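Engineer: The structure follows.
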Amino acid sequence: MSVTGVPASRARPPGPSGPVEALRPYWRIFVAGVREQARYVAATLGGLLANTVFGLLKSALLLAAVASAGGSFGGYTAPQMATYVWLGQGLLGSVDLFGRSALAGRVKDGSVALDFLRPVDVQAAAVVSEVGRRVFALLPRGVPSVLIGAVFVGMAVPASPPVLLLGALSILLGITLSVATVYLVAVSGFWLVDTRGVQTFYMVVSGFLAGLFVPITLFPDWLLVLAWSTPFPAMLMFPIDVVSGRVGGWSAVGLVGAQLGWLTLVLVVGQVATRAGRRRLEVQGG
């Protein structure tokens with residue numbers, strides 16, 4: 001018997017008993033994010049329509065550039081350029097290049113204080129929930145966008161299982177990295193009255209340097225170096241290159257390794273910012 005009268009064999013530890021139990025709340029948060037996104041059917045269909053329209057326009061422009069360059073433009077053939085366009089359109093609804101998040105509002109009005117009282121890590125919970133929403137978006141929005149591009153324009157994607165598995169990992173890392181970086185935008189609100197300016201700056205810079213408009217290999221050397229010194233290519237350009245097979249072998253593994261490195265760095269910075277922001281939290285407007 002224990003001193004409290006409860007048999008020691010029946011006493012429960014105050015915290016998680018192992019890594020599986022410790023991760024269980026975050027799995028449930030991930031599932032909740034998936035279910036939340038599943039409610040917005042009309043918005044998802046609207047996003048699919050937008051992806052398709054802009055994908056057709058973008059592919060027409062870039063394929064015309066390839067044709068005018070004699071069949072190869074910046075190292076891209078016509079099939080490779082079409083693949084770049086449609087994989088990018090497919091990932092657009094899942095990779096966060098817009099900088100908006102619900103957490104930013106909670107930081108501003110102070111309700112993030114309730115998040116700090118919950119028995120989960122604030123950063124991990126916010127990132128996992130958003131990743132769940134964006135992974136779900138791949139099914140009704142991302143995959144159909146790619147299929148539409150393959151049918152109406154054509155694509156060149158290798159069917160090798162190892163390439164596709166590595167590509168799937170690269171996509172997941174790109175999504176998570178984008179969400180974790182947007183988390184930094186949100187927690188900047190601990191030091192700013194309003195984060196809308198930071199969000200706008202993020203949206204402009206991230207889309208351009210991630211390769212959303214044109215492949216970053218088309219950049220002049222100085223701009224390419226600048227892009228490589230940021231995490232943005234690892235969000236979109238790296239997954240496209242890996243999935244399309246444009247970068248293969250150990251080079252593709254190297255891109256995935258770079259994604260892991262950027263993700264680790266961003267998560268560490270986010271954790272430091274969260275702890276510092278918790279001590280500085282101010283409520284605006286009340």
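Following the order of the structure tokens, chains are lettered A, B, ..., residues in each are numbered from 1, and ligands are numbered from 1.
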Taking 4 positions as the minimum chain separation for residues in the same chain, which residues sit within 12 Å of A:Arg280 when counting only C-alpha atoms? Answer as a list in words.
Structural biologist: Val107, Gly110, Ala113, Val187, Ser188, Gly189, Phe190, Trp191, Leu192, Ala273, Thr274, Arg275 and Ala276 of chain A
Engineer: Atoms to include: N, CA and C atoms. Write the selected residues as a PDB file, in the first residue's frame.
Structural biologist:
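Result saved to out.pdb:
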```pdb
ATOM      1  N   VAL A 107      -2.850  35.728 -30.327  1.00  0.00           N
ATOM      2  CA  VAL A 107      -1.753  36.453 -29.686  1.00  0.00           C
ATOM      3  C   VAL A 107      -2.139  37.915 -29.478  1.00  0.00           C
ATOM      4  N   GLY A 110      -4.865  38.232 -26.739  1.00  0.00           N
ATOM      5  CA  GLY A 110      -4.465  37.676 -25.449  1.00  0.00           C
ATOM      6  C   GLY A 110      -5.022  36.311 -25.135  1.00  0.00           C
ATOM      7  N   ALA A 113      -3.169  33.097 -23.989  1.00  0.00           N
ATOM      8  CA  ALA A 113      -2.874  32.744 -22.598  1.00  0.00           C
ATOM      9  C   ALA A 113      -3.548  31.428 -22.215  1.00  0.00           C
ATOM     10  N   VAL A 187       3.829  34.568 -33.866  1.00  0.00           N
ATOM     11  CA  VAL A 187       4.352  34.895 -32.536  1.00  0.00           C
ATOM     12  C   VAL A 187       5.141  36.199 -32.531  1.00  0.00           C
ATOM     13  N   SER A 188       5.409  36.769 -33.714  1.00  0.00           N
ATOM     14  CA  SER A 188       6.004  38.107 -33.718  1.00  0.00           C
ATOM     15  C   SER A 188       5.038  39.111 -33.095  1.00  0.00           C
ATOM     16  N   GLY A 189       3.757  38.722 -32.989  1.00  0.00           N
ATOM     17  CA  GLY A 189       2.763  39.575 -32.355  1.00  0.00           C
ATOM     18  C   GLY A 189       3.006  39.796 -30.875  1.00  0.00           C
ATOM     19  N   PHE A 190       3.872  38.994 -30.254  1.00  0.00           N
ATOM     20  CA  PHE A 190       4.227  39.252 -28.862  1.00  0.00           C
ATOM     21  C   PHE A 190       4.990  40.566 -28.715  1.00  0.00           C
ATOM     22  N   TRP A 191       5.623  41.002 -29.807  1.00  0.00           N
ATOM     23  CA  TRP A 191       6.420  42.227 -29.768  1.00  0.00           C
ATOM     24  C   TRP A 191       5.831  43.341 -30.629  1.00  0.00           C
ATOM     25  N   LEU A 192       4.829  43.042 -31.450  1.00  0.00           N
ATOM     26  CA  LEU A 192       4.231  44.025 -32.344  1.00  0.00           C
ATOM     27  C   LEU A 192       2.762  44.234 -31.987  1.00  0.00           C
ATOM     28  N   ALA A 273      11.199  31.760 -29.391  1.00  0.00           N
ATOM     29  CA  ALA A 273      10.299  32.917 -29.476  1.00  0.00           C
ATOM     30  C   ALA A 273       9.054  32.716 -28.613  1.00  0.00           C
ATOM     31  N   THR A 274       8.551  31.490 -28.555  1.00  0.00           N
ATOM     32  CA  THR A 274       7.361  31.214 -27.746  1.00  0.00           C
ATOM     33  C   THR A 274       7.645  31.441 -26.273  1.00  0.00           C
ATOM     34  N   ARG A 275       8.771  30.945 -25.800  1.00  0.00           N
ATOM     35  CA  ARG A 275       9.100  31.101 -24.389  1.00  0.00           C
ATOM     36  C   ARG A 275       9.361  32.562 -24.031  1.00  0.00           C
ATOM     37  N   ALA A 276      10.040  33.273 -24.939  1.00  0.00           N
ATOM     38  CA  ALA A 276      10.272  34.690 -24.689  1.00  0.00           C
ATOM     39  C   ALA A 276       8.966  35.476 -24.759  1.00  0.00           C
TER      40      ALA A 276
END
```
Engineer: For atom CA of A:Asp115 and atom CA of A:Tyr183, quote the distance in Å rounded to one decimal.
Structural biologist: 14.1 Å
Engineer: Where does stretch 155-214 of chain A meet stretch 263-270 of chain A within 7 Å, residue by residue, with the nearest atom pair and distance in Å to one decimal for each, counting only C-alpha atoms, listed by chain and rising number, as CSV?
Structural biologist:
```
residue,atom,partner,partner_atom,distance
A:Leu177,CA,A:Leu263,CA,5.3
A:Ala180,CA,A:Leu267,CA,6.4
A:Thr181,CA,A:Val266,CA,6.4
A:Leu184,CA,A:Gly270,CA,5.8
```
Engineer: With C-alpha atoms kept, could you save the residues just selected as a PDB file, in the first residue's frame?
Structural biologist:
```
ATOM      1  CA  LEU A 177       8.175  23.854 -42.791  1.00  0.00           C
ATOM      2  CA  ALA A 180       6.271  26.316 -38.789  1.00  0.00           C
ATOM      3  CA  THR A 181       7.567  29.463 -40.513  1.00  0.00           C
ATOM      4  CA  LEU A 184       7.031  32.619 -36.422  1.00  0.00           C
TER       5      LEU A 184
END
```
Engineer: Taking the chain letters and numbering used in this document, name the residues of stretch 189-249 of chain A that DSSP puts in alpha helix (DSSP H), as JSON, numbers by chain.
Structural biologist: {"A": [196, 197, 198, 199, 200, 201, 202, 203, 204, 205, 206, 207, 208, 209, 221, 222, 223, 224, 225, 226, 227, 228, 232, 233, 234, 235, 237, 238, 239, 240, 241, 242, 243, 244, 249]}
Engineer: Go ahead and save the picked residues with C-alpha atoms, as a PDB file, in the first residue's frame.
Structural biologist:
```pdb
ATOM      1  CA  ARG A 196      -0.483  42.241 -40.765  1.00  0.00           C
ATOM      2  CA  GLY A 197       2.558  44.008 -42.153  1.00  0.00           C
ATOM      3  CA  VAL A 198       4.751  41.004 -41.387  1.00  0.00           C
ATOM      4  CA  GLN A 199       2.159  38.702 -42.957  1.00  0.00           C
ATOM      5  CA  THR A 200       2.062  40.784 -46.137  1.00  0.00           C
ATOM      6  CA  PHE A 201       5.857  40.866 -46.362  1.00  0.00           C
ATOM      7  CA  TYR A 202       5.971  37.101 -45.846  1.00  0.00           C
ATOM      8  CA  MET A 203       3.381  36.524 -48.572  1.00  0.00           C
ATOM      9  CA  VAL A 204       5.287  38.623 -51.125  1.00  0.00           C
ATOM     10  CA  VAL A 205       8.729  37.200 -50.372  1.00  0.00           C
ATOM     11  CA  SER A 206       7.811  33.558 -49.759  1.00  0.00           C
ATOM     12  CA  GLY A 207       5.908  33.024 -53.002  1.00  0.00           C
ATOM     13  CA  PHE A 208       8.674  34.546 -55.102  1.00  0.00           C
ATOM     14  CA  LEU A 209      11.630  32.817 -53.423  1.00  0.00           C
ATOM     15  CA  ASP A 221      23.006  34.109 -59.788  1.00  0.00           C
ATOM     16  CA  TRP A 222      22.803  36.692 -56.996  1.00  0.00           C
ATOM     17  CA  LEU A 223      19.068  36.145 -56.557  1.00  0.00           C
ATOM     18  CA  LEU A 224      19.460  32.376 -56.665  1.00  0.00           C
ATOM     19  CA  VAL A 225      22.022  32.582 -53.857  1.00  0.00           C
ATOM     20  CA  LEU A 226      19.605  34.749 -51.880  1.00  0.00           C
ATOM     21  CA  ALA A 227      16.796  32.235 -52.399  1.00  0.00           C
ATOM     22  CA  TRP A 228      18.975  29.317 -51.308  1.00  0.00           C
ATOM     23  CA  PHE A 232      11.374  29.182 -48.910  1.00  0.00           C
ATOM     24  CA  PRO A 233      12.675  26.925 -51.736  1.00  0.00           C
ATOM     25  CA  ALA A 234      12.479  23.999 -49.307  1.00  0.00           C
ATOM     26  CA  MET A 235       8.737  24.604 -48.993  1.00  0.00           C
ATOM     27  CA  MET A 237      10.676  24.071 -55.124  1.00  0.00           C
ATOM     28  CA  PHE A 238      12.408  21.141 -53.424  1.00  0.00           C
ATOM     29  CA  PRO A 239       9.272  18.942 -53.283  1.00  0.00           C
ATOM     30  CA  ILE A 240       8.531  19.705 -56.936  1.00  0.00           C
ATOM     31  CA  ASP A 241      12.065  18.775 -57.990  1.00  0.00           C
ATOM     32  CA  VAL A 242      11.999  15.540 -55.976  1.00  0.00           C
ATOM     33  CA  VAL A 243       8.534  14.386 -57.040  1.00  0.00           C
ATOM     34  CA  SER A 244       9.121  15.242 -60.695  1.00  0.00           C
ATOM     35  CA  GLY A 249      19.537   9.989 -56.603  1.00  0.00           C
TER      36      GLY A 249
END
```
Engineer: I want to know what sits within 10 Å of A:Val131, based on only C-alpha atoms, with residues of the same chain fewer than 4 positions away left out; could you give that as a VMD selection string?
Structural biologist: chain A and resid 29 to 31 33 to 34 94 to 96 125 to 127 135 to 137 172 to 173 175 to 180
Engineer: Between atom CA of A:Gln89 and atom CA of A:Ala156, measure the distance and give it in Å to one decimal.
Structural biologist: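 Atom CA of A:Gln89 sits 15.2 Å away from atom CA of A:Ala156.
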Engineer: Check the smallest atom-to-atom distance from each of A:Val20, A:Leu255, A:Ala65, A:Leu45 to A:Ser170 using only C-alpha atoms, then report the winner.
Structural biologist: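 The closest residue to A:Ser170 is A:Leu255.
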Engineer: Any idea what's packed within 12 Å of A:Phe54, counting only C-alpha atoms, ignoring anything in its chain fewer than 6 positions away? Could you give it as a list in words?
Structural biologist: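 My reading of the contact set: Gly47, Leu48, Ala60, Leu61, Val85, Trp86, Gly88, Gln89, Gly90, Leu92, Ser145, Gly149, Leu212 and Phe213 of chain A.
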Engineer: Can you tell me, as a list in words, what residues are no more than 12 Å from stretch 151-154 of chain A when counting only C-alpha atoms, ignoring any on the same chain fewer than 5 positions away?
Structural biologist: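 The residues that qualify are Thr52, Val53, Gly55, Leu56, Leu57, Lys58, Ser59, Ala60, Leu63, Ala78, Pro79, Gln80, Met81, Ala82, Thr83, Tyr84, Val85, Trp86, Leu87, Pro144, Ser145 and Val146 of chain A.
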Engineer: Which residue gives the smallest distance to A:Phe219 among A:Leu117, A:Gly74, A:Val272, A:Ala64, with only C-alpha atoms counted?
Structural biologist: A:Gly74
Engineer: Quote the spacing between atom CA of A:Ala102 and atom CA of A:Val256 in Å to one decimal place.
Structural biologist: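 That distance, rounded to one decimal, is 28.5 Å.
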Engineer: Name the closest residue to A:Tyr76 among the candidates A:Ser160, A:Thr217, A:Gln123, A:Thr44; distances are taken between atoms, counting only C-alpha atoms.
Structural biologist: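 Checking each candidate against A:Tyr76, we get A:Thr217 as the closest.
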Engineer: Kindly indicate which residue among A:Ala168, A:Ala186, A:Ala42, A:Val120 lies nearest to A:Tyr26, using only C-alpha atoms for the distances.
Structural biologist: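 Among the listed residues, the smallest separation from A:Tyr26 belongs to A:Val120.
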